[in-house]
$ cat structure_26.tsv   # TSV, C-alpha atoms (C1' of nucleotides)
chain	number	residue	atom	x	y	z
G	25	MET	CA	147.63	100.97	-107.36
G	26	ARG	CA	149.43	99.81	-110.42
G	27	THR	CA	152.75	101.19	-111.51
G	28	ALA	CA	152.97	104.70	-112.86
G	29	ALA	CA	153.46	103.27	-116.34
G	30	GLU	CA	150.37	101.10	-116.06
G	31	MET	CA	148.37	103.99	-114.72
G	32	THR	CA	149.39	106.04	-117.71
G	33	GLU	CA	148.11	103.29	-119.96
G	34	LEU	CA	144.87	103.04	-118.00
G	35	TYR	CA	144.28	106.76	-118.30
G	36	ARG	CA	144.89	106.60	-122.01
G	37	GLN	CA	142.34	103.83	-122.33
G	38	LYS	CA	139.80	105.85	-120.40
G	39	GLY	CA	140.35	108.80	-122.71
G	40	LEU	CA	141.82	110.89	-119.91
G	41	LYS	CA	144.76	113.09	-120.67
G	42	ILE	CA	148.23	112.25	-119.56
G	43	THR	CA	149.35	115.43	-117.90
G	44	PRO	CA	152.58	116.03	-116.04
G	45	GLN	CA	150.53	116.75	-112.92
G	46	ARG	CA	148.87	113.38	-113.06
G	47	GLN	CA	152.12	111.62	-113.74
G	48	CYS	CA	153.76	113.44	-110.89
G	49	ILE	CA	151.10	112.13	-108.53
G	50	PHE	CA	151.31	108.64	-109.97
G	51	GLY	CA	155.00	108.73	-109.19
G	52	ILE	CA	154.48	109.89	-105.63
G	53	LEU	CA	151.95	107.18	-104.92
G	54	GLU	CA	153.76	104.35	-106.64
G	55	ALA	CA	154.91	101.90	-104.03
G	56	ASN	CA	154.22	104.46	-101.32
G	57	THR	CA	153.50	102.72	-98.05
G	58	THR	CA	153.36	105.77	-95.81
G	59	HIS	CA	149.60	106.32	-96.10
G	60	PRO	CA	150.02	110.01	-96.85
G	61	THR	CA	147.35	112.61	-96.30
G	62	ALA	CA	146.16	114.69	-99.23
G	63	ASP	CA	148.21	117.55	-97.97
G	64	ALA	CA	151.33	115.45	-97.62
G	65	ILE	CA	150.93	114.43	-101.25
G	66	TYR	CA	150.46	118.05	-102.23
G	67	GLU	CA	153.61	119.08	-100.37
G	68	SER	CA	155.49	116.26	-102.01
G	69	ALA	CA	154.24	117.25	-105.44
G	70	LEU	CA	155.33	120.84	-104.89
G	71	GLU	CA	158.92	119.70	-104.69
G	72	THR	CA	159.06	118.51	-108.25
G	73	MET	CA	156.31	120.70	-109.61
G	74	PRO	CA	156.18	124.00	-107.76
G	75	SER	CA	153.26	125.29	-109.78
G	76	ILE	CA	150.84	122.45	-109.09
G	77	SER	CA	147.68	123.58	-107.37
G	78	ARG	CA	146.16	122.00	-104.33
G	79	LYS	CA	142.92	121.63	-106.20
G	80	THR	CA	144.50	119.50	-108.87
G	81	VAL	CA	145.96	117.17	-106.27
G	82	TYR	CA	142.60	116.65	-104.60
G	83	THR	CA	140.94	116.11	-107.94
G	84	VAL	CA	143.44	113.51	-109.10
G	85	LEU	CA	143.29	111.67	-105.79
G	86	HIS	CA	139.53	111.39	-106.11
G	87	GLU	CA	139.84	110.25	-109.68
G	88	LEU	CA	142.12	107.47	-108.59
G	89	ASN	CA	139.81	106.56	-105.78
G	90	GLU	CA	136.90	106.27	-108.18
G	91	LEU	CA	138.95	104.18	-110.54
G	92	GLY	CA	139.52	101.84	-107.63
G	93	GLU	CA	143.26	102.37	-107.71
G	94	LEU	CA	143.50	104.15	-104.41
G	95	LEU	CA	141.82	103.48	-101.10
G	96	THR	CA	140.86	106.17	-98.66
G	97	LEU	CA	141.46	105.46	-95.05
G	98	ASP	CA	140.29	107.22	-91.93
G	99	VAL	CA	142.04	105.98	-88.85
G	100	GLY	CA	140.99	108.85	-86.67
G	101	THR	CA	144.05	111.04	-87.03
G	102	GLY	CA	142.18	114.02	-88.38
G	103	SER	CA	142.55	113.78	-92.12
G	104	LEU	CA	141.91	111.27	-94.83
G	105	ARG	CA	144.80	109.10	-95.82
G	106	PHE	CA	145.40	107.50	-99.17
G	107	ASP	CA	146.58	103.98	-99.63
G	108	PRO	CA	147.82	102.75	-103.01
G	109	ASN	CA	147.72	99.21	-101.71
G	110	VAL	CA	144.27	98.10	-102.79
G	111	GLU	CA	144.64	94.51	-101.71
G	112	ARG	CA	142.79	93.54	-98.61
G	113	HIS	CA	144.96	94.36	-95.65
G	114	HIS	CA	144.86	96.00	-92.26
G	115	HIS	CA	146.67	98.71	-90.38
G	116	THR	CA	148.67	99.73	-87.39
G	117	VAL	CA	148.26	103.22	-85.99
G	118	CYS	CA	150.78	104.73	-83.63
G	119	ARG	CA	149.05	106.65	-80.89
G	120	LYS	CA	152.06	108.89	-80.44
G	121	CYS	CA	153.04	109.98	-83.92
G	122	GLY	CA	149.96	108.89	-85.84
G	123	SER	CA	151.95	106.94	-88.40
G	124	VAL	CA	150.11	104.20	-90.19
G	125	GLY	CA	151.52	100.87	-91.27
G	126	ASP	CA	150.28	98.01	-93.40
G	127	VAL	CA	149.52	94.60	-92.00
G	128	ARG	CA	148.94	91.79	-94.44
G	129	GLY	CA	148.15	88.21	-93.77
G	130	ILE	CA	145.30	88.43	-91.32
G	131	ASP	CA	142.50	86.01	-91.86
G	132	THR	CA	139.36	87.92	-90.91
G	133	ALA	CA	137.20	84.95	-91.76
G	134	ARG	CA	137.89	83.86	-88.23
G	135	VAL	CA	136.74	87.18	-86.81
G	136	ARG	CA	133.06	86.55	-86.69
G	137	MET	CA	130.33	88.51	-85.07
G	138	PRO	CA	128.67	86.51	-82.36
G	139	ALA	CA	125.24	85.52	-83.61
G	140	SER	CA	123.54	87.32	-80.75
G	141	GLU	CA	124.99	90.69	-81.70
G	142	GLN	CA	123.66	93.04	-84.32
G	143	VAL	CA	121.06	90.78	-85.74
G	144	GLY	CA	120.37	91.68	-89.32
G	145	PHE	CA	123.63	93.46	-90.00
G	146	GLU	CA	125.14	92.30	-93.24
G	147	VAL	CA	128.91	92.35	-92.94
G	148	GLU	CA	130.72	93.25	-96.13
G	149	GLU	CA	134.15	93.97	-94.79
G	150	THR	CA	136.02	93.40	-91.60
G	151	GLU	CA	138.57	96.02	-90.77
G	152	VAL	CA	141.19	95.59	-88.10
G	153	ILE	CA	143.21	98.41	-86.60
G	154	PHE	CA	146.07	97.69	-84.25
G	155	ARG	CA	146.65	100.67	-82.02
G	156	GLY	CA	149.84	101.02	-80.08
G	157	ILE	CA	153.36	102.39	-80.30
G	158	CYS	CA	155.44	102.17	-83.41
G	159	LYS	CA	159.05	101.15	-83.53
G	160	LEU	CA	160.31	104.72	-83.76
G	161	CYS	CA	158.23	106.00	-80.86
G	162	ARG	CA	159.14	103.17	-78.55
G	163	PRO	CA	161.56	104.04	-75.77
G	164	LYS	CA	164.99	102.95	-76.92
G	165	GLY	CA	166.91	100.13	-75.38
G	166	ARG	CA	163.87	98.05	-74.63
G	167	LYS	CA	162.87	94.97	-76.48
G	168	SER	CA	159.24	95.14	-75.42
K	21	MET	CA	129.62	105.15	-68.27
K	22	ARG	CA	127.97	104.62	-64.98
K	23	THR	CA	124.42	105.59	-64.28
K	24	ALA	CA	123.50	109.25	-64.02
K	25	ALA	CA	123.16	108.82	-60.26
K	26	GLU	CA	126.60	107.30	-59.95
K	27	MET	CA	128.08	110.00	-62.13
K	28	THR	CA	126.58	112.61	-59.85
K	29	GLU	CA	128.26	110.93	-56.92
K	30	LEU	CA	131.58	110.74	-58.78
K	31	TYR	CA	131.43	114.43	-59.60
K	32	ARG	CA	130.70	115.24	-56.00
K	33	GLN	CA	133.72	113.25	-54.93
K	34	LYS	CA	135.92	115.05	-57.40
K	35	GLY	CA	134.70	118.37	-56.06
K	36	LEU	CA	132.99	119.24	-59.33
K	37	LYS	CA	129.67	120.96	-59.20
K	38	ILE	CA	126.47	119.19	-59.96
K	39	THR	CA	124.86	121.47	-62.48
K	40	PRO	CA	121.64	120.85	-64.35
K	41	GLN	CA	123.63	121.02	-67.58
K	42	ARG	CA	125.89	118.23	-66.49
K	43	GLN	CA	123.00	116.16	-65.25
K	44	CYS	CA	121.17	116.72	-68.47
K	45	ILE	CA	124.10	115.30	-70.39
K	46	PHE	CA	124.48	112.42	-67.96
K	47	GLY	CA	120.88	111.57	-68.66
K	48	ILE	CA	121.31	111.70	-72.40
K	49	LEU	CA	124.30	109.44	-72.32
K	50	GLU	CA	123.01	106.97	-69.81
K	51	ALA	CA	122.42	103.69	-71.55
K	52	ASN	CA	122.73	105.41	-74.89
K	53	THR	CA	123.87	102.93	-77.50
K	54	THR	CA	123.51	105.15	-80.56
K	55	HIS	CA	127.09	106.47	-80.52
K	56	PRO	CA	125.97	110.07	-80.89
K	57	THR	CA	128.12	112.85	-82.25
K	58	ALA	CA	128.82	115.89	-80.10
K	59	ASP	CA	126.29	117.80	-82.10
K	60	ALA	CA	123.62	115.15	-81.74
K	61	ILE	CA	124.09	115.35	-77.99
K	62	TYR	CA	123.85	119.11	-78.16
K	63	GLU	CA	120.62	118.93	-80.15
K	64	SER	CA	119.25	116.42	-77.73
K	65	ALA	CA	120.17	118.59	-74.77
K	66	LEU	CA	118.46	121.59	-76.32
K	67	GLU	CA	115.15	119.78	-76.09
K	68	THR	CA	115.10	119.68	-72.33
K	69	MET	CA	117.35	122.66	-71.77
K	70	PRO	CA	116.91	125.22	-74.50
K	71	SER	CA	119.50	127.58	-73.05
K	72	ILE	CA	122.42	125.19	-72.91
K	73	SER	CA	125.39	126.32	-74.94
K	74	ARG	CA	127.30	124.23	-77.40
K	75	LYS	CA	130.47	125.08	-75.55
K	76	THR	CA	129.19	123.55	-72.36
K	77	VAL	CA	128.29	120.34	-74.12
K	78	TYR	CA	131.75	120.00	-75.63
K	79	THR	CA	133.35	120.78	-72.31
K	80	VAL	CA	131.35	118.21	-70.39
K	81	LEU	CA	131.96	115.55	-73.00
K	82	HIS	CA	135.68	116.09	-72.71
K	83	GLU	CA	135.47	116.03	-68.95
K	84	LEU	CA	133.79	112.66	-69.12
K	85	ASN	CA	136.33	111.42	-71.59
K	86	GLU	CA	139.16	112.41	-69.28
K	87	LEU	CA	137.45	110.75	-66.35
K	88	GLY	CA	137.43	107.60	-68.44
K	89	GLU	CA	133.66	107.39	-68.42
K	90	LEU	CA	133.20	108.04	-72.09
K	91	LEU	CA	135.09	106.75	-75.10
K	92	THR	CA	135.60	108.72	-78.25
K	93	LEU	CA	135.27	106.88	-81.47
K	94	ASP	CA	136.16	107.80	-85.00
K	95	VAL	CA	134.78	105.39	-87.53
K	96	GLY	CA	135.33	107.64	-90.51
K	97	THR	CA	131.90	109.20	-90.71
K	98	GLY	CA	133.16	112.74	-90.37
K	99	SER	CA	132.76	113.57	-86.74
K	100	LEU	CA	133.74	112.16	-83.41
K	101	ARG	CA	131.28	109.89	-81.74
K	102	PHE	CA	130.90	109.28	-78.05
K	103	ASP	CA	130.38	105.90	-76.54
K	104	PRO	CA	129.25	105.50	-72.93
K	105	ASN	CA	130.07	101.84	-73.10
K	106	VAL	CA	133.64	101.77	-71.82
K	107	GLU	CA	133.99	98.03	-71.78
K	108	ARG	CA	136.10	96.56	-74.51
K	109	HIS	CA	133.92	96.03	-77.51
K	110	HIS	CA	133.80	96.57	-81.25
K	111	HIS	CA	131.57	98.21	-83.80
K	112	THR	CA	129.50	97.86	-86.89
K	113	VAL	CA	129.28	100.79	-89.28
K	114	CYS	CA	126.58	101.00	-91.90
K	115	ARG	CA	127.98	102.30	-95.15
K	116	LYS	CA	124.60	103.69	-96.14
K	117	CYS	CA	123.33	105.54	-93.11
K	118	GLY	CA	126.51	105.71	-91.07
K	119	SER	CA	124.87	104.28	-87.99
K	120	VAL	CA	127.16	102.60	-85.50
K	121	GLY	CA	126.37	99.53	-83.43
K	122	ASP	CA	128.08	97.73	-80.60
K	123	VAL	CA	129.52	94.28	-80.92
K	124	ARG	CA	130.54	92.50	-77.78
K	125	GLY	CA	132.05	89.12	-77.37
K	126	ILE	CA	134.89	89.13	-79.86
K	127	ASP	CA	138.09	87.59	-78.74
K	128	THR	CA	140.80	89.71	-80.29
K	129	ALA	CA	143.48	87.60	-78.67
K	130	ARG	CA	143.13	85.41	-81.71
K	131	VAL	CA	143.65	88.32	-84.06
K	132	ARG	CA	147.37	88.43	-84.12
K	133	MET	CA	149.72	90.30	-86.32
K	134	PRO	CA	151.83	87.93	-88.35
K	135	ALA	CA	155.34	88.06	-86.96
K	136	SER	CA	156.74	89.22	-90.28
K	137	GLU	CA	154.63	92.36	-90.35
K	138	GLN	CA	155.38	95.61	-88.59
K	139	VAL	CA	158.35	94.41	-86.63
K	140	GLY	CA	158.75	96.46	-83.50
K	141	PHE	CA	155.18	97.71	-83.28
K	142	GLU	CA	153.82	97.30	-79.80
K	143	VAL	CA	150.14	96.52	-80.00
K	144	GLU	CA	148.10	97.94	-77.16
K	145	GLU	CA	144.63	97.56	-78.54
K	146	THR	CA	143.01	95.71	-81.36
K	147	GLU	CA	140.01	97.40	-82.85
K	148	VAL	CA	137.62	95.67	-85.20
K	149	ILE	CA	135.13	97.47	-87.42
K	150	PHE	CA	132.54	95.53	-89.35
K	151	ARG	CA	131.46	97.52	-92.36
K	152	GLY	CA	128.30	96.64	-94.21
K	153	ILE	CA	124.60	97.30	-94.30
K	154	CYS	CA	122.49	97.63	-91.20
K	155	LYS	CA	119.14	96.02	-90.67
K	156	LEU	CA	117.21	99.17	-91.49
K	157	CYS	CA	119.08	99.90	-94.70
K	158	ARG	CA	118.82	96.38	-96.03
K	159	PRO	CA	116.31	95.89	-98.82
K	160	LYS	CA	113.15	94.52	-97.25
K	161	GLY	CA	111.84	91.02	-97.78
K	162	ARG	CA	115.24	89.44	-97.98
K	163	LYS	CA	116.78	87.33	-95.32
K	164	SER	CA	120.33	87.85	-96.53
O	13	DA	C1'	150.15	121.95	-137.72
O	14	DT	C1'	146.02	123.11	-135.89
O	15	DA	C1'	141.88	123.13	-133.36
O	16	DC	C1'	139.23	121.42	-129.73
O	17	DT	C1'	138.52	120.92	-125.24
O	18	DA	C1'	140.04	118.71	-121.10
O	19	DA	C1'	142.86	120.02	-117.64
O	20	DC	C1'	145.12	123.23	-114.88
O	21	DT	C1'	145.91	127.48	-112.09
O	22	DA	C1'	144.95	131.00	-108.72
O	23	DA	C1'	142.72	133.26	-105.48
O	24	DC	C1'	139.00	133.20	-102.99
O	25	DA	C1'	134.69	131.57	-100.72
O	26	DA	C1'	132.42	128.15	-98.17
O	27	DC	C1'	131.78	124.38	-95.41
O	28	DA	C1'	131.74	121.33	-91.22
O	29	DA	C1'	133.74	119.93	-87.00
O	30	DA	C1'	135.92	121.28	-83.26
O	31	DT	C1'	137.96	124.53	-80.22
O	32	DG	C1'	139.30	129.02	-78.32
O	33	DT	C1'	138.19	133.73	-76.43
O	34	DC	C1'	136.29	136.54	-73.21
O	35	DA	C1'	133.27	139.45	-70.83
O	36	DG	C1'	129.35	139.17	-68.29
O	37	DT	C1'	126.00	136.36	-65.65
O	38	DT	C1'	124.38	132.68	-62.96
O	39	DT	C1'	124.52	129.33	-59.45
O	40	DA	C1'	126.06	125.25	-56.57
O	41	DC	C1'	127.64	124.62	-52.37
O	42	DA	C1'	130.60	125.49	-48.26
Q	2	DT	C1'	125.33	134.45	-48.09
Q	3	DG	C1'	129.82	134.81	-50.42
Q	4	DT	C1'	132.58	133.11	-53.83
Q	5	DA	C1'	134.66	130.47	-57.06
Q	6	DA	C1'	133.20	127.48	-60.46
Q	7	DA	C1'	130.35	126.99	-64.16
Q	8	DC	C1'	127.69	128.68	-67.82
Q	9	DT	C1'	126.25	131.73	-71.70
Q	10	DG	C1'	126.64	133.86	-76.10
Q	11	DA	C1'	128.46	135.76	-79.74
Q	12	DC	C1'	132.20	135.57	-82.35
Q	13	DA	C1'	136.82	134.16	-84.09
Q	14	DT	C1'	139.96	130.54	-85.32
Q	15	DT	C1'	141.82	126.28	-87.05
Q	16	DT	C1'	142.01	122.34	-90.07
Q	17	DG	C1'	140.69	119.61	-93.86
Q	18	DT	C1'	138.21	119.66	-97.74
Q	19	DT	C1'	135.41	121.17	-101.55
Q	20	DG	C1'	133.23	124.61	-104.68
Q	21	DT	C1'	133.57	128.77	-107.83
Q	22	DT	C1'	135.04	131.27	-111.51
Q	23	DA	C1'	137.58	132.93	-115.08
Q	24	DG	C1'	141.46	132.84	-117.57
Q	25	DT	C1'	145.42	129.98	-119.31
Q	26	DT	C1'	147.80	125.90	-120.77
Q	27	DA	C1'	148.52	121.93	-123.21
Q	28	DG	C1'	147.32	116.84	-124.68
Q	29	DT	C1'	145.43	114.59	-128.38
Q	30	DA	C1'	142.86	113.71	-132.59
Q	31	DT	C1'	142.48	115.13	-137.13

$ encode --input "structure_26.tsv" --output "structure tokens"
Amino acid sequence: MRTAAEMTELYRQKGLKITPQRQCIFGILEANTTHPTADAIYESALETMPSISRKTVYTVLHELNELGELLTLDVGTGSLRFDPNVERHHHTVCRKCGSVGDVRGIDTARVRMPASEQVGFEVEETEVIFRGICKLCRPKGRKS
Amino acid sequence: MRTAAEMTELYRQKGLKITPQRQCIFGILEANTTHPTADAIYESALETMPSISRKTVYTVLHELNELGELLTLDVGTGSLRFDPNVERHHHTVCRKCGSVGDVRGIDTARVRMPASEQVGFEVEETEVIFRGICKLCRPKGRKS
DNA sequence: ATACTAACTAACAACAAATGTCAGTTTACA
DNA sequence: TGTAAACTGACATTTGTTGTTAGTTAGTAT
């Protein structure tokens, strides 16, 4: 996602109104690397805007998704997560706490399907998920 | 998962009863490569055993999962899928129909996290999902 | 400044997936 | 054949998400 200021400009161009609710959500998502769930974003928005409704949050998130400024991500932890980083990248998922991290710099061009498998399947994207234990959930005092 | 016959033997060893319901589900899963959802398995079971309850199906699936004979798989299509293939392998997901296919023979040892990313994350498994269009959903007459 | 209308709120309903409850019944197997 | 395990069935619950509706607010163009 672009910066909150750029998003404001984009919305203006699209003829969408610049409301405090939308700006609040822009702010929460800007540079957010925690891959929050919709509900986490709602909770976060409540802090600065106690009157915001859950419905509005969902609506704005879907707007952003359709504008291509926000990716949705399902890593199997129960709920959808939103990722403002729309560049191609991959993820880590902690099997203890469910936290999700970004992993850039993987060249998936080298991850090829063997020709014998899935004949006729047209690959558009290759997604890699590293599952394991995150730094915080690792037993202390060990260096792996 | 092993064959239905082997599963029967395993259950016997564990002191679990060999019920027609369990055997029915063994049969459905045996050599099943469609990655069915719990509900698809339930529907399928109803055909040969109209009295089976949804609860039983869920219970047996979780039993099998705990015995390590059945993997659960969440590829972001809404519901859990079950995979009797417990060998390490990867998946294709069709973005049109949601169908899931197996992909064997990928060497994930070469898919390494760059050292600069996610310091301290202990990778246990590397999961690859190829997203795209399956053979059946591809427009006909084209050879990609 | 005003009017138009998009956007928002609020409370509730609905949905799907999964799981829990629990009383009563069946049944696999020792 | 007895008995504990397993199953049924109907219903409730939970979680995440979306839809509804009606009334209110407020951004923006004029």

$ atom_distance --input "structure_26.tsv" --atom1 "CA of Ile72 in chain K" --atom2 "C1' of DG32 in chain O"
18.1 Å

$ residues_around --input "structure_26.tsv" --residues "range 63-70 of chain G" --least-positions-apart "5" --cutoff "12 Å" --atoms "all atoms listed in the file" --output "number ranges by chain"
G: 44-54, 56, 58, 75-85, 102-107; Q: 16-18

$ write_last_selection --input "structure_26.tsv" --atoms "C-alpha atoms (C1' of nucleotides)" --output "short mmCIF file (atom, residue, chain, number, x, y, z; two decimals), in the coordinates of the input"
data_model
loop_
_atom_site.label_atom_id
_atom_site.label_comp_id
_atom_site.auth_asym_id
_atom_site.auth_seq_id
_atom_site.Cartn_x
_atom_site.Cartn_y
_atom_site.Cartn_z
CA PRO G 44 152.58 116.03 -116.04
CA GLN G 45 150.53 116.75 -112.92
CA ARG G 46 148.87 113.38 -113.06
CA GLN G 47 152.12 111.62 -113.74
CA CYS G 48 153.76 113.44 -110.89
CA ILE G 49 151.10 112.13 -108.53
CA PHE G 50 151.31 108.64 -109.97
CA GLY G 51 155.00 108.73 -109.19
CA ILE G 52 154.48 109.89 -105.63
CA LEU G 53 151.95 107.18 -104.92
CA GLU G 54 153.76 104.35 -106.64
CA ASN G 56 154.22 104.46 -101.32
CA THR G 58 153.36 105.77 -95.81
CA SER G 75 153.26 125.29 -109.78
CA ILE G 76 150.84 122.45 -109.09
CA SER G 77 147.68 123.58 -107.37
CA ARG G 78 146.16 122.00 -104.33
CA LYS G 79 142.92 121.63 -106.20
CA THR G 80 144.50 119.50 -108.87
CA VAL G 81 145.96 117.17 -106.27
CA TYR G 82 142.60 116.65 -104.60
CA THR G 83 140.94 116.11 -107.94
CA VAL G 84 143.44 113.51 -109.10
CA LEU G 85 143.29 111.67 -105.79
CA GLY G 102 142.18 114.02 -88.38
CA SER G 103 142.55 113.78 -92.12
CA LEU G 104 141.91 111.27 -94.83
CA ARG G 105 144.80 109.10 -95.82
CA PHE G 106 145.40 107.50 -99.17
CA ASP G 107 146.58 103.98 -99.63
"C1'" DT Q 16 142.01 122.34 -90.07
"C1'" DG Q 17 140.69 119.61 -93.86
"C1'" DT Q 18 138.21 119.66 -97.74
#

$ interface_residues --input "structure_26.tsv" --of "chain O" --to "chain K" --cutoff "10 Å" --atoms "all atoms listed in the file" --output "list in words"
DA28, DA29, DA30, DT31, DT39, DA40 and DC41 of chain O

$ closest_atom_pairs --input "structure_26.tsv" --of "chain Q" --to "chain G" --cutoff "12 Å" --atoms "only C-alpha atoms (C1' of nucleotides)" --output "tab-separated table"
residue	atom	partner	partner_atom	distance
Q:DT16	C1'	G:Gly102	CA	8.5
Q:DG17	C1'	G:Ser103	CA	6.4
Q:DT18	C1'	G:Tyr82	CA	8.7
Q:DT19	C1'	G:Lys79	CA	8.8
Q:DG20	C1'	G:Lys79	CA	10.3
Q:DT21	C1'	G:Lys79	CA	11.9
Q:DT26	C1'	G:Thr43	CA	11.0
Q:DA27	C1'	G:Thr43	CA	8.4
Q:DG28	C1'	G:Lys41	CA	6.1
Q:DT29	C1'	G:Lys41	CA	7.9
Q:DA30	C1'	G:Gly39	CA	11.3

$ interface_residues --input "structure_26.tsv" --of "chain G" --to "chain K" --cutoff "7 Å" --atoms "only C-alpha atoms" --output "JSON, numbers by chain"
{"G": [98, 100, 127, 129, 130, 137, 138, 141, 142, 144, 145, 146, 147, 148, 149, 150, 151, 152, 153, 154, 155, 156, 157, 158, 159]}

$ residues_around --input "structure_26.tsv" --residues "Ala51 in chain K" --least-positions-apart "6" --cutoff "12 Å" --atoms "only C-alpha atoms (C1' of nucleotides)" --output "ChimeraX atom specification"
/K:21-24,45,90,103-106

$ residues_near_point --input "structure_26.tsv" --point "(130.5, 130.9, -62.9)" --cutoff "9 Å" --atoms "only C-alpha atoms (C1' of nucleotides)" --output "PyMOL selection string"
(chain O and resi 37-39) or (chain Q and resi 5-8)

$ residues_around --input "structure_26.tsv" --residues "DT31 in chain Q" --least-positions-apart "2" --cutoff "12 Å" --atoms "only C-alpha atoms (C1' of nucleotides)" --output "list in words"
DA13, DT14, DA15 and DC16 of chain O; DT29 of chain Q

$ atom_distance --input "structure_26.tsv" --atom1 "CA of Ala129 in chain K" --atom2 "CA of Glu107 in chain K"
15.7 Å

$ atom_distance --input "structure_26.tsv" --atom1 "CA of Glu87 in chain G" --atom2 "CA of Leu34 in chain G"
12.1 Å
